[in-house]
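Asker: What follows is coords_11.cif, made up of mmCIF, C-alpha atoms:
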```cif
data_work
#
loop_
_atom_site.label_atom_id
_atom_site.label_comp_id
_atom_site.auth_asym_id
_atom_site.auth_seq_id
_atom_site.Cartn_x
_atom_site.Cartn_y
_atom_site.Cartn_z
CA MET A 1 114.04 109.92 77.48
CA LYS A 2 113.59 108.46 80.87
CA VAL A 3 111.71 110.64 83.32
CA MET A 4 111.25 110.06 87.00
CA LYS A 5 109.08 112.42 88.93
CA ASN A 6 109.45 112.50 92.65
CA ILE A 7 106.94 114.73 94.37
CA SER A 8 108.13 115.51 97.87
CA GLY A 9 106.03 115.75 100.96
CA CYS A 10 106.27 119.52 100.95
CA ILE A 11 102.60 119.93 100.13
CA SER A 12 101.63 118.01 103.21
CA ARG A 13 104.15 119.96 105.26
CA THR A 14 102.49 123.17 104.16
CA LEU A 15 99.08 121.74 105.05
CA LEU A 16 100.41 120.81 108.45
CA LEU A 17 101.67 124.29 109.02
CA LEU A 18 98.23 125.64 108.17
CA LEU A 19 96.76 123.12 110.61
CA ALA A 20 99.19 124.35 113.22
CA LEU A 21 98.04 127.89 112.62
CA ALA A 22 94.41 126.87 113.05
CA LEU A 23 95.12 125.02 116.25
CA PHE A 24 97.21 127.72 117.84
CA SER A 25 95.15 129.02 120.69
CA PRO A 26 97.60 129.47 123.54
CA LEU A 27 96.41 128.37 126.93
CA SER A 28 96.67 131.16 129.44
CA GLY A 29 98.18 130.30 132.79
CA GLN A 30 95.76 130.00 135.67
CA ASP A 31 98.28 128.71 138.17
CA THR A 32 101.51 130.36 139.19
CA LEU A 33 103.34 127.07 139.62
CA ARG A 34 105.36 125.39 136.92
CA THR A 35 105.07 121.64 136.30
CA PHE A 36 108.00 119.41 135.54
CA GLY A 37 108.09 115.91 134.16
CA PRO A 38 108.99 113.84 131.13
CA ARG A 39 107.18 114.84 127.96
CA PHE A 40 106.45 112.24 125.30
CA GLY A 41 105.49 112.98 121.74
CA ILE A 42 104.58 111.38 118.47
CA ASP A 43 105.31 112.86 115.05
CA LEU A 44 102.02 113.25 113.19
CA ALA A 45 103.71 114.47 110.02
CA ARG A 46 105.00 110.92 109.42
CA PHE A 47 101.44 109.70 108.88
CA ILE A 48 100.66 112.50 106.44
CA TYR A 49 103.85 111.75 104.47
CA ILE A 50 102.41 108.35 103.59
CA PHE A 51 99.83 110.08 101.38
CA ALA A 52 102.42 112.25 99.64
CA GLU A 53 105.09 109.52 99.40
CA PRO A 54 103.31 106.15 99.42
CA SER A 55 106.60 104.30 98.90
CA GLU A 56 107.97 105.66 102.18
CA ILE A 57 106.62 104.78 105.61
CA GLY A 58 107.83 105.81 109.02
CA ALA A 59 107.03 106.60 112.61
CA GLU A 60 108.76 108.69 115.23
CA VAL A 61 108.39 109.22 118.96
CA SER A 62 110.21 111.65 121.20
CA ALA A 63 110.87 112.33 124.84
CA ASP A 64 112.22 115.41 126.60
CA PHE A 65 112.50 116.82 130.09
CA GLU A 66 113.20 120.31 131.41
CA ILE A 67 116.28 119.33 133.35
CA TYR A 68 117.23 122.93 134.15
CA LYS A 69 115.57 126.26 133.47
CA ASN A 70 114.81 126.38 129.70
CA ILE A 71 117.13 123.43 128.96
CA PHE A 72 115.50 120.29 127.54
CA PRO A 73 117.53 117.17 126.79
CA VAL A 74 115.73 115.44 123.91
CA PHE A 75 115.71 111.86 122.69
CA GLU A 76 113.96 110.79 119.49
CA LEU A 77 113.47 107.29 118.12
CA GLY A 78 112.00 106.32 114.78
CA TYR A 79 111.70 103.92 111.91
CA ASN A 80 111.77 104.60 108.17
CA SER A 81 111.52 102.43 105.12
CA ILE A 82 111.24 102.93 101.39
CA SER A 83 110.43 100.58 98.55
CA GLU A 84 110.63 101.83 94.98
CA SER A 85 110.20 99.73 91.90
CA GLY A 86 111.05 101.27 88.56
CA GLU A 87 112.04 100.46 85.02
CA LEU A 88 115.75 100.32 85.81
CA PHE A 89 115.86 98.74 89.26
CA THR A 90 113.98 97.91 92.45
CA TYR A 91 115.28 99.63 95.56
CA GLU A 92 114.53 99.03 99.24
CA ALA A 93 115.93 100.57 102.41
CA SER A 94 114.82 100.35 106.01
CA GLY A 95 116.07 100.84 109.53
CA LEU A 96 115.68 102.41 112.93
CA TYR A 97 117.14 105.74 113.86
CA ALA A 98 117.80 107.70 117.02
CA ARG A 99 118.62 111.29 117.76
CA ALA A 100 119.82 112.83 120.98
CA GLY A 101 120.43 116.47 121.77
CA ILE A 102 119.38 119.54 123.66
CA ASP A 103 116.77 122.23 123.08
CA TYR A 104 117.07 125.66 124.64
CA ASN A 105 113.89 127.69 125.13
CA ILE A 106 114.36 131.28 124.07
CA LEU A 107 110.79 132.39 124.83
CA PRO A 108 110.87 134.70 127.88
CA GLN A 109 108.87 133.32 130.81
CA LYS A 110 106.66 136.13 132.02
CA ASP A 111 104.38 133.62 133.72
CA ARG A 112 106.10 130.48 135.07
CA SER A 113 102.94 128.42 134.73
CA VAL A 114 102.88 128.95 130.94
CA HIS A 115 104.78 126.18 129.20
CA HIS A 116 104.82 127.41 125.61
CA SER A 117 108.26 127.38 124.12
CA ILE A 118 110.26 128.53 121.14
CA SER A 119 113.48 126.58 121.11
CA VAL A 120 116.74 126.26 119.28
CA GLY A 121 118.94 123.24 119.67
CA PHE A 122 121.05 120.56 118.14
CA ARG A 123 120.91 116.80 117.65
CA TYR A 124 123.28 114.00 116.88
CA GLY A 125 121.55 111.33 114.81
CA MET A 126 122.48 107.81 113.84
CA SER A 127 120.78 105.04 111.94
CA PRO A 128 121.88 101.45 111.45
CA PHE A 129 120.09 100.45 108.27
CA SER A 130 120.31 98.27 105.21
CA HIS A 131 119.48 98.86 101.60
CA SER A 132 119.24 96.57 98.63
CA ILE A 133 118.80 96.75 94.91
CA GLU A 134 117.70 94.14 92.43
CA ASN A 135 116.35 93.79 88.91
CA VAL A 136 119.08 96.17 87.79
CA THR A 137 119.52 96.76 84.08
CA VAL A 138 122.55 98.63 82.80
CA SER A 139 121.68 99.57 79.25
CA ASN A 140 124.19 98.78 76.51
CA SER A 141 122.69 99.03 73.06
CA TYR A 142 125.70 97.54 71.26
CA TRP A 143 126.91 94.60 73.38
CA GLY A 144 123.64 93.88 75.15
CA ASP A 145 122.24 94.97 78.50
CA TYR A 146 124.08 93.98 81.67
CA GLN A 147 121.97 92.55 84.48
CA PRO A 148 123.90 91.94 87.69
CA GLY A 149 122.50 90.05 90.67
CA ARG A 150 120.98 91.45 93.83
CA TYR A 151 123.12 93.84 95.86
CA GLU A 152 122.63 94.43 99.58
CA ASN A 153 124.61 96.35 102.15
CA SER A 154 124.20 97.21 105.82
CA MET A 155 125.74 100.33 107.24
CA THR A 156 125.29 103.13 109.78
CA GLY A 157 124.56 106.73 108.91
CA HIS A 158 125.64 109.58 111.18
CA TRP A 159 124.49 113.17 111.01
CA ALA A 160 124.15 116.37 113.02
CA GLU A 161 121.13 118.67 113.13
CA LEU A 162 120.45 122.28 113.94
CA VAL A 163 116.90 122.49 115.19
CA GLY A 164 114.27 125.17 115.66
CA SER A 165 110.96 124.34 117.27
CA MET A 166 107.80 125.77 118.72
CA LYS A 167 105.50 124.03 121.20
CA THR A 168 102.21 125.30 122.57
CA GLU A 169 100.31 123.90 125.53
CA VAL A 170 96.82 123.65 124.03
CA LEU A 171 95.34 121.79 127.03
CA PRO A 172 96.88 121.24 130.45
CA ASN A 173 99.99 119.10 129.80
CA PHE A 174 99.05 118.53 126.15
CA PHE A 175 101.22 120.22 123.54
CA LEU A 176 101.19 120.71 119.81
CA GLY A 177 104.42 121.69 118.16
CA TRP A 178 106.50 121.68 115.07
CA THR A 179 110.20 121.34 114.49
CA VAL A 180 112.32 122.34 111.51
CA ARG A 181 115.68 120.66 111.08
CA TYR A 182 118.80 121.48 109.12
CA LYS A 183 120.70 118.24 108.75
CA ILE A 184 124.37 117.73 107.98
CA LEU A 185 125.50 114.27 106.90
CA LEU A 186 128.76 113.22 108.55
CA ASN A 187 129.66 110.09 106.56
CA ALA A 188 128.50 110.56 102.99
CA ASP A 189 130.75 107.78 101.63
CA MET A 190 129.13 104.97 103.60
CA ASP A 191 128.48 102.98 100.42
CA PRO A 192 130.61 103.93 97.41
CA LEU A 193 128.70 101.65 95.03
CA MET A 194 125.22 102.87 95.79
CA ILE A 195 124.26 106.11 97.47
CA PRO A 196 121.38 105.38 99.85
CA GLU A 197 118.11 106.83 98.62
CA LEU A 198 116.94 106.88 102.21
CA ILE A 199 118.98 107.12 105.39
CA PRO A 200 116.26 106.64 108.02
CA GLY A 201 115.81 109.84 109.99
CA TYR A 202 118.05 111.81 107.65
CA GLY A 203 116.59 111.59 104.15
CA THR A 204 118.32 111.01 100.86
CA GLY A 205 122.01 110.15 101.12
CA GLY A 206 122.65 111.93 97.83
CA LYS A 207 122.58 115.27 99.63
CA ASN A 208 125.13 116.26 102.24
CA ARG A 209 122.63 118.78 103.60
CA ASN A 210 118.93 118.16 104.12
CA PHE A 211 115.92 119.84 105.66
CA GLY A 212 113.36 118.06 107.79
CA PHE A 213 110.07 118.86 109.43
CA SER A 214 108.11 117.30 112.29
CA TYR A 215 104.68 118.12 113.62
CA SER A 216 104.07 116.52 116.98
CA ILE A 217 101.49 116.04 119.65
CA LEU A 218 103.04 115.71 123.09
CA TYR A 219 101.97 114.90 126.62
CA LYS A 220 103.87 115.89 129.73
CA ILE A 221 103.54 113.75 132.85
CA PRO A 222 103.31 116.37 135.61
CA LEU A 223 105.48 114.73 138.25
CA VAL A 224 106.59 117.85 140.08
CA LYS A 225 104.93 121.22 140.57
CA LYS A 226 106.98 124.06 142.01
CA MET B 1 99.71 137.63 116.46
CA LYS B 2 103.51 137.68 116.36
CA LEU B 3 103.54 133.89 116.56
CA ARG B 4 101.21 133.67 113.58
CA ILE B 5 103.38 136.02 111.52
CA LEU B 6 106.42 133.89 112.39
CA LEU B 7 104.63 130.70 111.38
CA ILE B 8 103.44 132.14 108.08
CA SER B 9 106.96 133.42 107.31
CA ILE B 10 108.45 130.00 107.89
CA ALA B 11 105.77 128.35 105.78
CA ILE B 12 106.68 130.66 102.88
CA LEU B 13 110.36 129.96 103.32
CA MET B 14 109.91 126.19 103.29
CA PRO B 15 111.90 124.47 100.52
CA GLY B 16 110.32 123.99 97.07
CA CYS B 17 107.27 121.79 96.84
CA LEU B 18 108.14 119.93 93.66
CA ASN B 19 111.28 117.89 93.16
CA VAL B 20 111.51 116.61 89.60
CA GLU B 21 114.42 114.41 88.55
CA LEU B 22 114.99 114.14 84.82
CA CYS B 23 117.20 111.83 82.84
CA ASP B 24 117.47 112.90 79.24
CA GLU B 25 121.11 111.98 78.61
CA SER B 26 122.69 108.82 77.31
CA TYR B 27 125.17 107.24 79.69
CA ASP B 28 127.40 104.87 77.72
CA SER B 29 130.88 103.97 78.94
CA GLU B 30 133.05 104.33 75.84
CA LEU B 31 136.72 103.97 75.16
CA VAL B 32 138.47 106.73 73.25
CA ALA B 33 141.48 105.64 71.18
CA ARG B 34 143.79 107.97 69.28
CA PHE B 35 146.26 107.12 66.53
CA LYS B 36 149.86 108.18 67.06
CA THR B 37 153.19 107.97 65.29
CA GLU B 38 156.60 107.97 66.89
CA LYS B 39 159.75 109.28 65.23
CA GLU B 40 163.09 109.63 66.96
CA GLY B 41 161.45 109.46 70.35
CA GLU B 42 158.85 112.13 69.57
CA THR B 43 155.14 111.32 69.52
CA ALA B 44 152.74 113.01 67.12
CA ASP B 45 149.06 112.70 66.21
CA SER B 46 148.33 110.60 63.20
CA THR B 47 145.41 110.27 60.80
CA VAL B 48 144.54 107.16 58.83
CA SER B 49 143.02 107.50 55.40
CA SER B 50 140.28 104.92 56.08
CA LEU B 51 139.05 102.99 59.11
CA THR B 52 136.61 100.10 59.29
CA LEU B 53 135.74 98.77 62.73
CA TYR B 54 133.44 96.01 63.97
CA GLY B 55 132.79 94.67 67.43
CA ILE B 56 133.18 90.87 67.61
CA ARG B 57 130.12 89.86 69.58
CA ASP B 58 129.67 86.31 70.90
CA GLY B 59 126.41 84.87 69.64
CA LEU B 60 125.53 88.03 67.75
CA PRO B 61 126.39 89.13 64.22
CA ASP B 62 129.27 91.56 63.87
CA SER B 63 127.98 95.08 63.72
CA LEU B 64 129.71 97.98 62.05
CA LEU B 65 130.94 100.71 64.35
CA TYR B 66 133.07 102.73 61.94
CA ASN B 67 133.45 103.01 58.23
CA ALA B 68 135.03 106.38 57.75
CA GLU B 69 137.83 108.21 56.00
CA SER B 70 140.51 110.44 57.44
CA VAL B 71 140.22 109.32 61.06
CA SER B 72 142.54 110.35 63.88
CA SER B 73 140.64 108.75 66.77
CA PHE B 74 137.70 106.47 67.44
CA VAL B 75 135.19 105.90 70.23
CA VAL B 76 133.86 102.41 70.97
CA PRO B 77 131.62 100.87 73.63
CA LEU B 78 133.02 98.09 75.82
CA ASP B 79 131.35 94.77 76.61
CA PRO B 80 129.97 94.73 80.19
CA ASN B 81 129.15 91.01 79.98
CA GLN B 82 132.75 89.89 79.35
CA SER B 83 136.18 90.65 80.77
CA TYR B 84 137.31 91.70 77.30
CA SER B 85 136.05 93.48 74.20
CA ARG B 86 137.23 92.40 70.76
CA PHE B 87 137.17 94.46 67.62
CA ALA B 88 137.93 93.68 63.99
CA ILE B 89 139.83 96.68 62.74
CA GLN B 90 140.91 97.53 59.21
CA ILE B 91 143.11 100.50 58.41
CA ASP B 92 143.56 101.08 54.72
CA THR B 93 144.31 97.54 53.45
CA LEU B 94 145.70 96.10 56.72
CA SER B 95 143.40 94.35 59.18
CA ASP B 96 143.81 92.99 62.69
CA THR B 97 141.86 91.97 65.79
CA LEU B 98 142.17 94.34 68.72
CA THR B 99 141.44 92.85 72.14
CA ILE B 100 140.92 95.10 75.13
CA LEU B 101 141.05 93.47 78.57
CA HIS B 102 139.05 95.10 81.31
CA GLN B 103 137.30 94.71 84.64
CA HIS B 104 133.76 95.87 85.01
CA GLU B 105 131.80 97.35 87.90
CA ILE B 106 128.61 99.34 88.06
CA TYR B 107 127.84 102.54 89.91
CA LEU B 108 124.74 104.59 90.50
CA ILE B 109 124.51 107.62 88.23
CA SER B 110 121.24 108.84 89.71
CA TYR B 111 117.88 107.42 90.69
CA GLY B 112 116.39 108.81 87.52
CA CYS B 113 119.08 107.49 85.19
CA GLY B 114 119.91 104.24 86.95
CA PHE B 115 123.30 102.53 86.95
CA GLY B 116 126.24 103.02 84.64
CA SER B 117 129.25 100.91 83.76
CA LEU B 118 132.70 101.51 85.16
CA PHE B 119 135.52 99.80 83.25
CA PHE B 120 139.11 99.43 84.38
CA LEU B 121 141.49 98.78 81.48
CA GLU B 122 143.99 95.99 82.14
CA GLY B 123 145.69 95.62 78.79
CA LEU B 124 145.26 95.44 75.06
CA SER B 125 146.73 93.40 72.28
CA ALA B 126 146.54 93.07 68.51
CA ALA B 127 146.31 89.46 67.28
CA ASN B 128 148.53 89.71 64.23
CA GLY B 129 150.82 92.37 65.49
CA GLY B 130 151.24 93.91 62.09
CA LEU B 131 149.00 96.91 62.40
CA PHE B 132 150.23 98.67 65.50
CA LYS B 133 153.87 99.04 66.51
CA ARG B 134 152.90 99.47 70.12
CA ASP B 135 150.14 100.77 72.36
CA SER B 136 149.79 102.57 75.64
CA ILE B 137 147.04 103.06 78.21
CA LEU B 138 146.70 106.67 79.29
CA GLU B 139 143.63 106.44 81.52
CA LYS B 140 142.62 103.12 83.03
CA MET B 141 139.18 104.08 84.25
CA ILE B 142 136.24 104.62 81.91
CA ASP B 143 132.98 105.80 83.40
CA ALA B 144 129.63 106.64 81.86
CA GLU B 145 130.10 110.39 81.98
CA TYR B 146 131.94 111.27 78.77
CA GLU B 147 134.11 114.36 78.65
CA SER B 148 135.19 115.91 75.38
CA ASN B 149 138.92 115.79 76.11
CA GLU B 150 138.98 112.16 77.26
CA GLU B 151 141.61 109.79 75.80
CA HIS B 152 142.12 106.29 77.11
CA ILE B 153 144.55 104.56 74.76
CA TRP B 154 147.07 105.49 72.08
CA LEU B 155 147.69 103.16 69.16
CA TYR B 156 151.05 103.71 67.45
CA LEU B 157 151.11 103.17 63.68
#
```
Take the structure in the file and write it out as structure tokens.
Answerer:
Amino acid sequence: MKVMKNISGCISRTLLLLLALALFSPLSGQDTLRTFGPRFGIDLARFIYIFAEPSEIGAEVSADFEIYKNIFPVFELGYNSISESGELFTYEASGLYARAGIDYNILPQKDRSVHHSISVGFRYGMSPFSHSIENVTVSNSYWGDYQPGRYENSMTGHWAELVGSMKTEVLPNFFLGWTVRYKILLNADMDPLMIPELIPGYGTGGKNRNFGFSYSILYKIPLVKK
Amino acid sequence: MKLRILLISIAILMPGCLNVELCDESYDSELVARFKTEKEGETADSTVSSLTLYGIRDGLPDSLLYNAESVSSFVVPLDPNQSYSRFAIQIDTLSDTLTILHQHEIYLISYGCGFGSLFFLEGLSAANGGLFKRDSILEKMIDAEYESNEEHIWLYL
């Protein structure tokens, strides 16, 4: 019996949520003016994932801007890679990914100077990436094992996301926030021979639906105050 | 306070924390052959009183696959390292060499179970021609996930 255990990063996600709870101390508005400007963020959850999934590394940055009242166009850029070596094969995948979409803040603004938000939104994501497999053994007890050569393929994954997020301004222009994502893969048959174990930014290609989680620290450049 | 309740609720509703992938099944790509007879254009199942079957393996000693009585079908593995699989077959007192031509590809079963063989049958022939009147391929593709009602070839006695 061959057993492969794959412990997901859920434990670290839960820890991050607890951390978010501890850090939530909403800043009360002292000014009646609202600031506008590009907000840049970095996903801290990616660094925690390394401890839960040492074979997978990644980084993600984001940018958004309140272009109109409560409407935030969002752009996210990241990198993901995985390297797994097992009894039956060695698998590697890596690539960049990008997501673009819009968040809509549903938190009522009683005080315009308060920038906390609870948002819903959507994303379109894409990732040009490559994956490879080598040291493959196809067991055949009667005729003898079959060991093909290295296989490599480059392709592009496309997916859509429904997004829910919460961001709190913990210091002037500094935000902490988390995002949960429901992801829908749009081209599952990108490689009929080998389903990608990792589509960067999406997750395992073996599932047409995936969940994701980000925990970010963000800074807004206060260009305009009005 | 409401925010905290919302956060705790979402934390509880997060997907399961442990994802365990098990592979406790055998994934062999095997050909299923059934014996048939044909009379006046009608095909019927047939049973042979005894069947002895070996795979003819290059560089390896022949190894017995079947030595059984009252057999109506047999299941054999195919050779992934060659474009053919050859079998020495004996039915009652008659013997022959059965050659099955095939293409071979591999496909991913799962990350826990690894890759499996995918065979595409291209033809089959009996060397002496005395054992089988004719043959037919019903299903050209053989994958590693065996189903109980699978039949790939018919051998007419």
Asker: So which residues fall inside 9 Å of (138.2, 101.1, 76.8) if we count all atoms listed in the file? Mind giving them as number ranges by chain?
Answerer: B: 29-33, 75-78, 85, 100-102, 119-121, 139-142, 152-153
Asker: Would you mind exporting C-alpha atoms of the selected residues as a short mmCIF file (atom, residue, chain, number, x, y, z; two decimals), in the frame of the given file?
Answerer:
```
data_model
loop_
_atom_site.label_atom_id
_atom_site.label_comp_id
_atom_site.auth_asym_id
_atom_site.auth_seq_id
_atom_site.Cartn_x
_atom_site.Cartn_y
_atom_site.Cartn_z
CA SER B 29 130.88 103.97 78.94
CA GLU B 30 133.05 104.33 75.84
CA LEU B 31 136.72 103.97 75.16
CA VAL B 32 138.47 106.73 73.25
CA ALA B 33 141.48 105.64 71.18
CA VAL B 75 135.19 105.90 70.23
CA VAL B 76 133.86 102.41 70.97
CA PRO B 77 131.62 100.87 73.63
CA LEU B 78 133.02 98.09 75.82
CA SER B 85 136.05 93.48 74.20
CA ILE B 100 140.92 95.10 75.13
CA LEU B 101 141.05 93.47 78.57
CA HIS B 102 139.05 95.10 81.31
CA PHE B 119 135.52 99.80 83.25
CA PHE B 120 139.11 99.43 84.38
CA LEU B 121 141.49 98.78 81.48
CA GLU B 139 143.63 106.44 81.52
CA LYS B 140 142.62 103.12 83.03
CA MET B 141 139.18 104.08 84.25
CA ILE B 142 136.24 104.62 81.91
CA HIS B 152 142.12 106.29 77.11
CA ILE B 153 144.55 104.56 74.76
#
```
Asker: For the file shown, report as a PyMOL selection string the outcome of the PyMOL selection byres ((chain A and resi 85-100) around 8) at residue level.
Answerer: (chain A and resi 73-84+101-102+123-138+196-201) or (chain B and resi 113-115)
Asker: With distances taken over only C-alpha atoms, which of A:Arg181, A:His158, A:Arg112, A:Lys220 is nearest to chain B?
Answerer: A:Arg181
Asker: My list of candidates is A:Phe72, A:Gln147, A:Gly164, A:Val180. Which is closest to B:Glu105 when distances are computed with all atoms listed in the file?
Answerer: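 Of A:Phe72, A:Gln147, A:Gly164, A:Val180, the one nearest B:Glu105, counting all atoms listed in the file, is A:Gln147.
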Asker: Report the distance between atom CA of B:Leu138 and atom CA of A:Ile195 in Å, rounded to one decimal place.
Answerer: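 Taking atom CA of B:Leu138 as the start and atom CA of A:Ile195 as the end point, the length is 28.9 Å.
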Asker: Suppose you want the space between atom CA of A:Asp145 and atom CA of A:Met190; what is it in Å?
Answerer: 27.9 Å
